file input-v2.csv (CSV, C-alpha atoms)
chain,number,residue,atom,x,y,z
T,1,MET,CA,0.0,0.0,0.0
T,2,ILE,CA,1.5,3.4,-1.1
T,3,ARG,CA,1.7,6.0,1.6
T,4,ALA,CA,0.1,9.4,1.1
T,5,SER,CA,3.4,11.1,1.7
T,6,SER,CA,5.0,9.2,-1.2
T,7,ILE,CA,2.2,10.3,-3.5
T,8,TYR,CA,2.6,13.9,-2.3
T,9,TYR,CA,6.3,13.9,-3.1
T,10,ALA,CA,5.7,12.3,-6.5
T,11,ILE,CA,3.2,15.0,-7.4
T,12,LEU,CA,5.5,17.7,-6.1
T,13,ILE,CA,8.4,16.4,-8.2
T,14,CYS,CA,6.1,16.3,-11.3
T,15,VAL,CA,5.0,19.9,-10.7
T,16,VAL,CA,8.6,21.1,-10.3
T,17,VAL,CA,9.7,19.2,-13.4
T,18,GLY,CA,6.7,20.7,-15.3
T,19,ILE,CA,7.6,24.2,-14.1
T,20,CYS,CA,11.2,23.7,-15.2
T,21,CYS,CA,10.2,22.4,-18.6
T,22,SER,CA,7.8,25.3,-19.0
T,23,ALA,CA,10.5,27.8,-18.0
T,24,LEU,CA,12.9,26.2,-20.5
T,25,LEU,CA,10.3,26.5,-23.2
T,26,LEU,CA,9.6,30.1,-22.3
T,27,ILE,CA,13.4,30.9,-22.2
T,28,SER,CA,13.8,29.3,-25.6
T,29,GLN,CA,10.9,31.2,-27.1
T,30,TYR,CA,12.1,34.5,-25.7
T,31,SER,CA,15.6,33.7,-26.8
T,32,ASN,CA,14.4,33.1,-30.3
T,33,LEU,CA,12.3,36.2,-30.2
T,34,PHE,CA,15.3,38.3,-29.0
T,35,ALA,CA,17.5,36.8,-31.7
T,36,LEU,CA,14.9,37.7,-34.3
T,37,GLN,CA,14.6,41.3,-32.9
T,38,MET,CA,18.4,41.7,-32.9
T,39,GLU,CA,18.6,40.4,-36.5
T,40,MET,CA,15.9,42.9,-37.5
T,41,ARG,CA,17.7,45.6,-35.6
T,42,THR,CA,21.0,44.8,-37.3
T,43,GLU,CA,19.4,44.8,-40.7
T,44,LEU,CA,17.7,48.1,-39.8
T,45,LEU,CA,21.0,49.7,-38.8
T,46,ALA,CA,22.7,48.4,-41.9
T,47,ASN,CA,19.9,49.7,-44.1
T,48,ASN,CA,20.1,53.1,-42.4
T,49,ARG,CA,23.9,53.3,-43.2
T,50,SER,CA,23.2,52.4,-46.8
T,51,ALA,CA,20.5,55.1,-46.9
T,52,ILE,CA,23.0,57.7,-45.6
T,53,ASN,CA,25.4,56.8,-48.4
T,54,TYR,CA,22.5,56.9,-51.0
T,55,PHE,CA,21.4,60.4,-50.0
T,56,LEU,CA,25.1,61.6,-49.9
T,57,ALA,CA,25.6,60.3,-53.4
T,58,LYS,CA,22.6,62.2,-54.7
T,59,GLY,CA,24.6,65.4,-54.3
T,60,PRO,CA,23.0,68.9,-53.9
T,61,THR,CA,19.5,67.4,-54.5
T,62,SER,CA,19.8,65.6,-51.1
T,63,ILE,CA,19.8,69.0,-49.3
T,64,GLY,CA,16.2,69.3,-48.1
T,65,ASP,CA,13.5,66.8,-47.2
T,66,SER,CA,13.3,63.6,-49.2
T,67,ASP,CA,10.5,61.3,-50.0
T,68,ASP,CA,10.2,57.9,-48.4
T,69,ILE,CA,12.3,55.3,-50.1
T,70,ASP,CA,12.6,51.5,-49.8
T,71,LEU,CA,16.2,50.9,-51.0
T,72,PHE,CA,16.2,47.1,-51.1
T,73,ASP,CA,12.4,46.4,-51.3
T,74,ASN,CA,12.7,44.7,-47.9
T,75,GLY,CA,10.0,46.8,-46.2
T,76,ILE,CA,12.4,49.2,-44.6
T,77,VAL,CA,11.5,52.7,-45.4
T,78,SER,CA,14.1,55.5,-45.2
T,79,ARG,CA,13.7,59.3,-45.2
T,80,ALA,CA,16.3,62.1,-45.1
T,81,THR,CA,16.1,65.6,-43.8
T,82,THR,CA,18.8,68.2,-43.7
T,83,HIS,CA,19.3,71.5,-42.0
T,84,PRO,CA,22.1,74.1,-41.8
T,85,TRP,CA,24.2,74.3,-38.6
T,86,GLY,CA,26.6,77.2,-38.6
T,87,LEU,CA,28.7,76.9,-41.7
T,88,TYR,CA,27.9,73.2,-42.2
T,89,HIS,CA,24.9,71.0,-42.9
T,90,VAL,CA,23.4,68.2,-40.8
T,91,LEU,CA,22.0,65.2,-42.6
T,92,GLN,CA,19.5,63.1,-40.5
T,93,VAL,CA,18.3,59.7,-41.9
T,94,ARG,CA,15.5,57.7,-40.3
T,95,SER,CA,14.8,54.1,-41.3
T,96,THR,CA,11.6,52.4,-40.1
T,97,LEU,CA,10.6,48.7,-40.1
T,98,LYS,CA,7.1,48.0,-38.7
T,99,GLN,CA,7.2,49.7,-35.2
T,100,ASP,CA,11.0,49.9,-35.0
T,101,THR,CA,12.9,53.1,-36.0
T,102,VAL,CA,16.6,54.0,-36.0
T,103,SER,CA,18.0,57.5,-36.7
T,104,ARG,CA,21.5,58.8,-37.4
T,105,SER,CA,22.7,62.4,-37.8
T,106,VAL,CA,26.0,63.3,-39.5
T,107,LEU,CA,27.7,66.5,-40.3
T,108,ILE,CA,28.3,66.7,-44.0
T,109,GLY,CA,30.4,68.7,-46.5
T,110,GLN,CA,30.7,68.9,-50.2
T,111,LYS,CA,33.7,67.6,-52.1
T,112,TYR,CA,35.6,70.2,-54.0
T,113,LYS,CA,37.6,70.8,-57.2
T,114,LYS,CA,41.3,71.6,-57.0
T,115,ARG,CA,41.7,74.3,-54.4
T,116,PRO,CA,44.0,77.3,-55.0
T,117,ALA,CA,46.4,78.1,-52.2
T,118,LEU,CA,45.8,81.8,-52.5
T,119,TYR,CA,43.2,84.1,-54.1
T,120,LEU,CA,44.2,87.8,-53.6
T,121,ALA,CA,41.8,90.3,-55.2
T,122,ASP,CA,43.4,92.7,-57.6
T,123,SER,CA,43.7,96.1,-55.9
T,124,GLU,CA,46.2,97.2,-58.5
T,125,LYS,CA,49.1,96.6,-56.1
T,126,PRO,CA,51.6,93.7,-56.3
T,127,LEU,CA,51.9,91.1,-53.5
T,128,GLN,CA,55.2,91.7,-51.7
T,129,MET,CA,56.9,88.8,-49.9
T,130,VAL,CA,59.2,89.5,-46.9
T,131,GLY,CA,61.3,87.2,-44.8
T,132,LYS,CA,60.4,83.5,-45.1
T,133,ALA,CA,57.0,84.1,-46.7
T,134,LYS,CA,55.9,81.4,-49.0
T,135,ILE,CA,53.0,80.1,-51.0
T,136,ILE,CA,52.8,76.4,-52.0
T,137,GLY,CA,50.1,75.7,-54.6
T,138,ASP,CA,48.4,77.7,-57.3
T,139,ALA,CA,47.9,81.4,-56.6
T,140,TYR,CA,45.5,84.0,-58.1
T,141,VAL,CA,47.2,87.4,-57.6
T,142,PRO,CA,46.9,91.0,-58.9
T,143,GLN,CA,48.1,91.6,-62.5
T,144,LYS,CA,51.2,93.3,-61.1
T,145,GLY,CA,52.2,89.9,-59.7
T,146,ILE,CA,54.3,88.8,-56.8
T,147,LYS,CA,57.6,90.5,-55.9
T,148,LYS,CA,60.3,90.4,-53.3
T,149,GLY,CA,59.5,93.0,-50.6
T,150,TYR,CA,61.6,95.1,-48.3
T,151,ILE,CA,60.7,96.6,-45.0
T,152,THR,CA,62.8,98.2,-42.2
T,153,SER,CA,65.8,96.0,-41.6
T,154,GLN,CA,64.4,93.0,-43.5
T,155,SER,CA,64.0,91.7,-47.0
T,156,PHE,CA,62.9,88.4,-48.7
T,157,SER,CA,65.2,85.6,-47.5
T,158,SER,CA,63.6,82.3,-49.0
T,159,PHE,CA,64.8,80.6,-52.1
T,160,THR,CA,61.5,81.0,-53.8
T,161,PHE,CA,58.2,82.6,-52.8
T,162,LEU,CA,55.8,80.5,-55.0
T,163,GLU,CA,55.6,76.8,-55.7
T,164,GLY,CA,52.7,76.5,-58.1
T,165,ALA,CA,51.0,78.2,-61.1
T,166,GLN,CA,50.3,81.9,-61.1
T,167,TRP,CA,47.0,83.3,-62.4
T,168,HIS,CA,45.5,86.7,-62.6
T,169,ALA,CA,42.8,87.5,-60.1
T,170,THR,CA,39.8,89.7,-60.6
T,171,HIS,CA,39.0,92.8,-58.6
T,172,LYS,CA,36.5,90.8,-56.5
T,173,LEU,CA,36.8,87.6,-54.5
T,174,PRO,CA,34.8,84.6,-55.6
T,175,LYS,CA,31.3,84.7,-54.3
T,176,PRO,CA,30.8,83.0,-50.9
T,177,LYS,CA,28.0,80.5,-50.3
T,178,ALA,CA,25.2,81.3,-47.9
T,179,GLY,CA,26.4,82.7,-44.5
T,180,PHE,CA,26.4,81.4,-41.0
T,181,VAL,CA,23.1,80.0,-39.9
T,182,VAL,CA,21.9,80.1,-36.3
T,183,PRO,CA,18.6,78.1,-36.1
T,184,ALA,CA,15.4,79.7,-35.1
T,185,ARG,CA,14.7,79.9,-31.3
T,186,LEU,CA,11.7,78.1,-29.9
T,187,THR,CA,10.4,79.5,-26.6
T,188,ASP,CA,10.2,76.1,-24.9
T,189,THR,CA,13.8,75.3,-25.6
T,190,VAL,CA,15.4,78.4,-23.8
T,191,ALA,CA,17.2,78.4,-20.5
T,192,PHE,CA,19.9,80.4,-18.7
T,193,VAL,CA,23.3,78.8,-18.2
T,194,GLU,CA,23.5,80.0,-14.6
T,195,GLU,CA,20.3,78.1,-13.7
T,196,LEU,CA,21.8,74.8,-14.7
T,197,LYS,CA,23.6,72.6,-12.2
T,198,LYS,CA,27.4,72.8,-12.4
T,199,GLY,CA,29.2,69.6,-13.1
T,200,GLU,CA,26.3,68.0,-15.1
T,201,LYS,CA,26.8,67.5,-18.8
T,202,VAL,CA,24.2,69.2,-21.1
T,203,TYR,CA,23.6,67.2,-24.2
T,204,ASN,CA,21.0,67.8,-26.9
T,205,ALA,CA,20.7,65.4,-29.8
T,206,PHE,CA,20.7,66.7,-33.4
T,207,GLY,CA,17.3,65.1,-33.9
T,208,ASN,CA,15.8,67.5,-31.4
T,209,ALA,CA,14.9,71.2,-31.6
T,210,PRO,CA,17.9,73.4,-30.8
T,211,LEU,CA,18.5,74.2,-27.2
T,212,TYR,CA,19.2,77.9,-26.5
T,213,LEU,CA,21.3,78.7,-23.5
T,214,ASN,CA,21.5,82.4,-22.6
T,215,LEU,CA,24.5,83.7,-20.6
T,216,ARG,CA,23.7,86.5,-18.1
T,217,GLU,CA,27.3,86.9,-17.1
T,218,ASN,CA,30.2,87.4,-19.5
T,219,GLU,CA,32.2,84.4,-18.5
T,220,LEU,CA,31.6,80.7,-19.1
T,221,LEU,CA,33.1,78.5,-16.3
T,222,GLY,CA,33.2,74.8,-15.7
T,223,ARG,CA,30.5,73.7,-18.2
T,224,GLU,CA,30.2,70.7,-20.5
T,225,LEU,CA,27.9,71.4,-23.5
T,226,GLU,CA,27.5,69.1,-26.4
T,227,GLY,CA,25.2,68.7,-29.5
T,228,LYS,CA,22.5,70.9,-30.8
T,229,VAL,CA,23.1,73.8,-28.4
T,230,VAL,CA,23.2,77.5,-29.1
T,231,LEU,CA,25.1,79.5,-26.5
T,232,LYS,CA,24.2,83.2,-26.7
T,233,ALA,CA,25.1,86.5,-24.9
T,234,ARG,CA,24.1,90.1,-25.6
T,235,ASP,CA,27.6,91.5,-25.1
T,236,SER,CA,30.6,89.2,-24.9
T,237,ILE,CA,31.5,85.7,-23.9
T,238,PHE,CA,34.9,84.7,-22.3
T,239,ILE,CA,35.3,80.9,-22.7
T,240,HIS,CA,37.6,79.5,-19.9
T,241,ARG,CA,39.9,76.6,-20.6
T,242,ASP,CA,38.0,74.3,-18.2
T,243,ASN,CA,34.9,74.2,-20.4
T,244,ARG,CA,34.2,71.1,-22.5
T,245,LEU,CA,32.4,72.2,-25.6
T,246,GLU,CA,31.6,70.0,-28.6
T,247,ASP,CA,29.6,70.7,-31.8
T,248,ILE,CA,27.8,73.7,-30.3
T,249,VAL,CA,27.2,77.2,-31.8
T,250,ILE,CA,28.3,80.3,-30.0
T,251,HIS,CA,26.6,83.6,-30.8
T,252,ALA,CA,27.7,87.0,-29.3
T,253,PRO,CA,29.2,90.3,-30.5
T,254,ILE,CA,32.6,89.4,-28.9
T,255,VAL,CA,33.9,85.9,-28.2
T,256,VAL,CA,37.3,85.2,-26.5
T,257,PHE,CA,38.8,81.8,-25.9
T,258,GLN,CA,41.2,81.6,-23.0
T,259,LYS,CA,44.8,80.4,-23.4
T,260,GLY,CA,44.8,76.6,-23.5
T,261,PHE,CA,41.2,76.0,-24.4
T,262,VAL,CA,40.5,72.9,-26.6
T,263,GLY,CA,37.1,72.1,-28.1
T,264,SER,CA,35.0,71.9,-31.2
T,265,VAL,CA,32.7,74.9,-31.8
T,266,GLN,CA,31.2,77.2,-34.4
T,267,VAL,CA,31.3,80.9,-33.6
T,268,THR,CA,29.5,83.8,-35.1
T,269,ALA,CA,30.2,87.4,-34.0
T,270,SER,CA,30.0,91.0,-35.2
T,271,GLN,CA,33.0,92.7,-33.5
T,272,LYS,CA,35.8,90.4,-32.3
T,273,ILE,CA,36.7,86.8,-32.1
T,274,ILE,CA,40.0,86.1,-30.3
T,275,LEU,CA,41.9,82.9,-29.7
T,276,GLN,CA,44.5,83.4,-26.9
T,277,GLU,CA,47.8,81.8,-27.0
T,278,GLY,CA,47.6,78.0,-27.5
T,279,ALA,CA,43.8,77.8,-27.8
T,280,VAL,CA,42.8,75.0,-30.2
T,281,LEU,CA,39.4,74.6,-32.1
T,282,GLU,CA,39.3,71.1,-33.3
T,283,TYR,CA,37.8,69.9,-36.7
T,284,PRO,CA,35.1,70.7,-37.7
T,285,SER,CA,35.1,74.2,-36.1
T,286,SER,CA,34.4,77.6,-37.7
T,287,LEU,CA,34.8,81.3,-37.0
T,288,TYR,CA,32.5,83.7,-38.7
T,289,LEU,CA,32.5,87.5,-38.3
T,290,ASN,CA,30.0,89.7,-40.1
T,291,PHE,CA,31.3,93.3,-39.9
T,292,GLU,CA,30.2,96.8,-40.7
T,293,GLU,CA,32.4,99.3,-42.5
T,294,SER,CA,32.0,101.9,-39.8
T,295,GLU,CA,33.3,99.6,-37.0
T,296,GLU,CA,36.7,97.9,-36.4
T,297,SER,CA,36.3,94.2,-36.5
T,298,LEU,CA,38.9,91.5,-35.8
T,299,ILE,CA,39.5,87.8,-35.9
T,300,TYR,CA,42.8,87.3,-34.0
T,301,LEU,CA,44.7,84.1,-33.6
T,302,GLU,CA,47.4,84.6,-31.1
T,303,SER,CA,50.7,82.7,-31.2
T,304,GLY,CA,50.4,78.9,-31.1
T,305,SER,CA,46.6,79.0,-31.5
T,306,LYS,CA,44.9,76.7,-34.1
T,307,VAL,CA,41.6,76.4,-36.0
T,308,LEU,CA,40.8,73.2,-37.9
T,309,GLY,CA,37.9,74.1,-40.2
T,310,LYS,CA,36.8,77.5,-41.6
T,311,VAL,CA,37.5,81.1,-40.8
T,312,ALA,CA,35.5,83.9,-42.4
T,313,LEU,CA,35.3,87.6,-42.2
T,314,VAL,CA,32.6,89.1,-44.4
T,315,GLY,CA,30.9,92.4,-44.7
T,316,THR,CA,31.5,95.7,-46.7
T,317,VAL,CA,34.3,94.9,-49.1
T,318,GLY,CA,37.1,97.3,-49.2
T,319,GLY,CA,37.3,100.3,-46.8
T,320,LYS,CA,40.4,101.4,-45.0
T,321,PRO,CA,43.0,98.5,-45.1
T,322,GLY,CA,43.7,96.9,-41.7
T,323,ILE,CA,40.5,98.1,-40.0
T,324,ASN,CA,38.6,94.9,-40.5
T,325,ARG,CA,41.0,92.1,-40.6
T,326,ILE,CA,42.0,88.5,-39.8
T,327,THR,CA,45.2,88.3,-37.9
T,328,ILE,CA,47.1,85.0,-37.9
T,329,GLY,CA,49.9,85.5,-35.5
T,330,LYS,CA,53.3,83.9,-35.4
T,331,ASP,CA,53.1,80.1,-35.0
T,332,ALA,CA,49.3,80.3,-35.3
T,333,GLU,CA,47.7,78.0,-37.8
T,334,VAL,CA,44.5,77.5,-39.7
T,335,ILE,CA,44.0,74.1,-41.3
T,336,GLY,CA,41.2,74.3,-43.8
T,337,GLU,CA,39.9,77.5,-45.4
T,338,VAL,CA,40.1,81.3,-44.7
T,339,TYR,CA,37.8,83.8,-46.5
T,340,CYS,CA,38.4,87.5,-45.7
T,341,GLU,CA,36.6,90.4,-47.3
T,342,GLY,CA,38.8,92.7,-45.3
T,343,SER,CA,42.6,92.6,-44.7
T,344,THR,CA,44.6,89.6,-43.7
T,345,ALA,CA,47.7,89.9,-41.5
T,346,LEU,CA,49.6,86.7,-42.0
T,347,LYS,CA,52.6,85.8,-39.9
T,348,GLY,CA,51.6,82.2,-39.1
T,349,GLN,CA,50.4,79.7,-41.7
T,350,VAL,CA,47.3,78.5,-43.5
T,351,ILE,CA,47.2,74.8,-44.4
T,352,GLY,CA,44.6,74.9,-47.2
T,353,SER,CA,43.2,77.9,-49.0
T,354,LEU,CA,43.2,81.7,-48.3
T,355,PHE,CA,40.9,84.1,-50.1
T,356,THR,CA,41.4,87.7,-49.1
T,357,HIS,CA,40.7,91.2,-50.4
T,358,ASP,CA,44.2,92.5,-49.4
T,359,PHE,CA,47.1,91.9,-47.0
T,360,TYR,CA,48.1,94.2,-44.2
T,361,LEU,CA,51.4,94.3,-42.3
T,362,LYS,CA,52.1,96.6,-39.3
T,363,THR,CA,55.5,97.0,-37.8
T,364,GLU,CA,56.9,99.3,-35.1
T,365,ALA,CA,58.1,101.7,-37.8
T,366,SER,CA,55.3,101.7,-40.3
T,367,SER,CA,52.4,99.8,-42.0
T,368,TYR,CA,52.4,98.2,-45.4
T,369,GLU,CA,49.6,97.1,-47.8
T,370,ASN,CA,49.8,93.8,-49.6
T,371,TYR,CA,52.8,92.6,-47.7
T,372,ILE,CA,53.3,89.2,-46.1
T,373,GLU,CA,56.1,88.8,-43.5
T,374,ASP,CA,57.1,85.2,-42.8
T,375,GLY,CA,53.6,83.9,-43.4
T,376,ARG,CA,53.0,80.7,-45.2
T,377,VAL,CA,50.1,79.2,-47.3
T,378,ASP,CA,50.4,75.5,-48.1
T,379,GLN,CA,47.5,74.0,-50.0
T,380,LYS,CA,49.4,70.8,-50.9
T,381,ALA,CA,49.7,69.9,-47.2
T,382,LEU,CA,45.9,69.8,-46.7
T,383,ASP,CA,44.5,66.4,-46.1
T,384,PRO,CA,42.4,65.4,-49.2
T,385,GLY,CA,39.7,64.2,-46.8
T,386,PHE,CA,38.9,67.7,-45.8
T,387,LEU,CA,35.4,68.5,-46.8
T,388,GLY,CA,33.4,71.7,-47.2
T,389,THR,CA,34.1,75.0,-48.9
T,390,MET,CA,32.7,78.5,-48.7
T,391,ILE,CA,33.1,79.2,-52.4
T,392,ASP,CA,30.2,78.5,-54.7
T,393,ASP,CA,32.1,77.7,-57.9
T,394,ASN,CA,34.6,75.3,-56.2
T,395,ILE,CA,32.4,72.2,-55.6
T,396,ILE,CA,31.8,69.0,-57.5
T,397,GLY,CA,28.4,68.2,-56.1
T,398,SER,CA,28.6,65.1,-54.0
T,399,TYR,CA,28.8,65.1,-50.3
T,400,GLY,CA,30.8,63.2,-47.7
T,401,ILE,CA,30.6,62.7,-43.9
T,402,ILE,CA,32.6,65.1,-41.9
T,403,LYS,CA,31.6,63.8,-38.5
T,404,LYS,CA,29.1,61.4,-37.0
T,405,LEU,CA,26.9,63.2,-34.4

call {"tool": "encode", "arguments": {"input": "input-v2.csv", "output": "C-alpha cells"}}
result
Amino acid sequence: MIRASSIYYAILICVVVGICCSALLLISQYSNLFALQMEMRTELLANNRSAINYFLAKGPTSIGDSDDIDLFDNGIVSRATTHPWGLYHVLQVRSTLKQDTVSRSVLIGQKYKKRPALYLADSEKPLQMVGKAKIIGDAYVPQKGIKKGYITSQSFSSFTFLEGAQWHATHKLPKPKAGFVVPARLTDTVAFVEELKKGEKVYNAFGNAPLYLNLRENELLGRELEGKVVLKARDSIFIHRDNRLEDIVIHAPIVVFQKGFVGSVQVTASQKIILQEGAVLEYPSSLYLNFEESEESLIYLESGSKVLGKVALVGTVGGKPGINRITIGKDAEVIGEVYCEGSTALKGQVIGSLFTHDFYLKTEASSYENYIEDGRVDQKALDPGFLGTMIDDNIIGSYGIIKKL
C-alpha cells in the first residue's frame, strides 16, 4: 500500500519538473524572439547606413527633405532631412521597419575641385613677400604679380616665394556661399546657463529642436555642453579653458577663448573673435564674423593657437586697409579655409586655401599694404579628406561625412 506522503512527493516532483520544462520553453521562445529582434535591428541599422550613403551620393539634391524610399524592397522605409548648422549642414536619416525606427545624424560637407592656395583680389598693387613668406600651390594674384618685398631691416630671404601656377585674379573675391546659420529659437527650448547645475553635462541630440542657453554673465566657467546647443550672450563671452564644448554654436558680438582652451565649436560674432595663445578649435570648427564698415572688426589668432575648419570675415568689401582684418599670429595656424573680405595679417600659416581682399602688415616703424612677412600658405599639405568650402564655384556636387553626431 502506497503511503500518502509518497504520492505527495511524486506530485511535487512532477510539478517542479513541469515548471522547469515550461521555463525552459519560455526561455527558448524569448531567446528566439530576442535573436529575431536583434537580427531585424542589425538589418535596420545596416539599411540606415546604406540610406545615408545613398542620400550623400545624390549630391545637392539631397539638401532638403526627401520622399520615403525603400532601397532594397525589404519593407524598410528611409527618409532624409537636412538643416544648416553654422557653416555646415546636418543630414539626418531615419529608417523604419514596422514599429522599430533608427535614426542617425551626420555633419556633411561637399567635395571640391582643386583648391587654390591663394586668391588675392586685384587692388592694382603687387603682392610683396618678406622674410620667409611662401605660397605652396596655385595662386591667383593681382596683375602686377608677386615680388620680393623690403621693410625696415628685413628683405625676402627664402629661395622661392611661390611653388605653383600663377594666375590673374579679378577685382572681386569669388562669391561665398550662404552665410552662417543660427537656427530659429523656440520658446520652450530656452534656458539660462546660470540656472543649470554645475558639473552636469548638457547634451542635446541633433534630432531634437535646438537648445538655446543664454548667458547672463560674460564668463563661461566649468560647463560641459554638447550637441545641438546655441550659447548666446548680448555683449561678450569669455570661454575659460576648463569648459568642455563640442559641436555647439556660440553667438555673441565678442567671443574670446582663454589660453589653453580645446574644443569643437562654431562661432558667429559682429565685433571680435580672439583665440588666446595656444587655444585650439578642433575639426570641424568655424569662426564667422560679419562686420560693418563703420566699425573695427577683428578675428585674432594669437601665437600657437589653431583652428581646424573655416575662418571667415565678411561684410562691406574694401574700406580702409587693416580696420577689418583676420590676424594669424606667429606660429598660429588655420587648417582648412580662410575667407576674408577685409585685410589679412599673416605671420603664421594656412594649411589649405586663403581668399582675401588684401594683406596688411604693421611694424613698429610703419604699416604696409599687400605685404606678407614670414607667413605661409600651403595648399598641398591639406588632407584630401577635408570637406566643405565657402566658395560657390569650387564644388563637384557630391557630399561626404565630416563627423558622426

call {"tool": "atom_distance", "arguments": {"input": "input-v2.csv", "atom1": "atom CA of T:Asp331", "atom2": "atom CA of T:Ile254"}}
result
23.3 Å

call {"tool": "atom_distance", "arguments": {"input": "input-v2.csv", "atom1": "atom CA of T:Gly352", "atom2": "atom CA of T:Ala332"}}
result
13.9 Å

call {"tool": "residues_around", "arguments": {"input": "input-v2.csv", "residues": "stretch 157-171 of chain T", "least_positions_apart": "3", "cutoff": "7 Å", "atoms": "all atoms listed in the file", "output": "ChimeraX atom specification"}}
result
/T:119-123,129,131-143

call {"tool": "atom_distance", "arguments": {"input": "input-v2.csv", "atom1": "atom CA of T:Asp374", "atom2": "atom CA of T:Val130"}}
result
6.3 Å

call {"tool": "closest_residue", "arguments": {"input": "input-v2.csv", "among": "T:Asp392, T:Val262, T:Glu333, T:Leu287", "to": "T:Ile250", "atoms": "all atoms listed in the file"}}
result
T:Leu287

call {"tool": "closest_residue", "arguments": {"input": "input-v2.csv", "among": "T:Gly227, T:Gly375, T:Gly260, T:Gly385", "to": "T:Glu246", "atoms": "only C-alpha atoms"}}
result
T:Gly227

call {"tool": "residues_around", "arguments": {"input": "input-v2.csv", "residues": "stretch 64-81 of chain T", "least_positions_apart": "4", "cutoff": "9 Å", "atoms": "all atoms listed in the file", "output": "PyMOL selection string"}}
result
chain T and resi 44+47-48+50-52+54-55+60+90-98

call {"tool": "closest_residue", "arguments": {"input": "input-v2.csv", "among": "T:Gly86, T:Lys330, T:Tyr371, T:Ile335", "to": "T:Val249", "atoms": "all atoms listed in the file"}}
result
T:Gly86

call {"tool": "residues_around", "arguments": {"input": "input-v2.csv", "residues": "T:Asp247", "least_positions_apart": "6", "cutoff": "7 Å", "atoms": "all atoms listed in the file", "output": "PyMOL selection string"}}
result
chain T and resi 226-227+264-265

call {"tool": "write_last_selection", "arguments": {"input": "input-v2.csv", "atoms": "C-alpha atoms", "output": "PDB file, in the frame of the given file"}}
result
ATOM      1  CA  GLU T 226      27.500  69.100 -26.400  1.00  0.00           C
ATOM      2  CA  GLY T 227      25.200  68.700 -29.500  1.00  0.00           C
ATOM      3  CA  SER T 264      35.000  71.900 -31.200  1.00  0.00           C
ATOM      4  CA  VAL T 265      32.700  74.900 -31.800  1.00  0.00           C
TER       5      VAL T 265
END
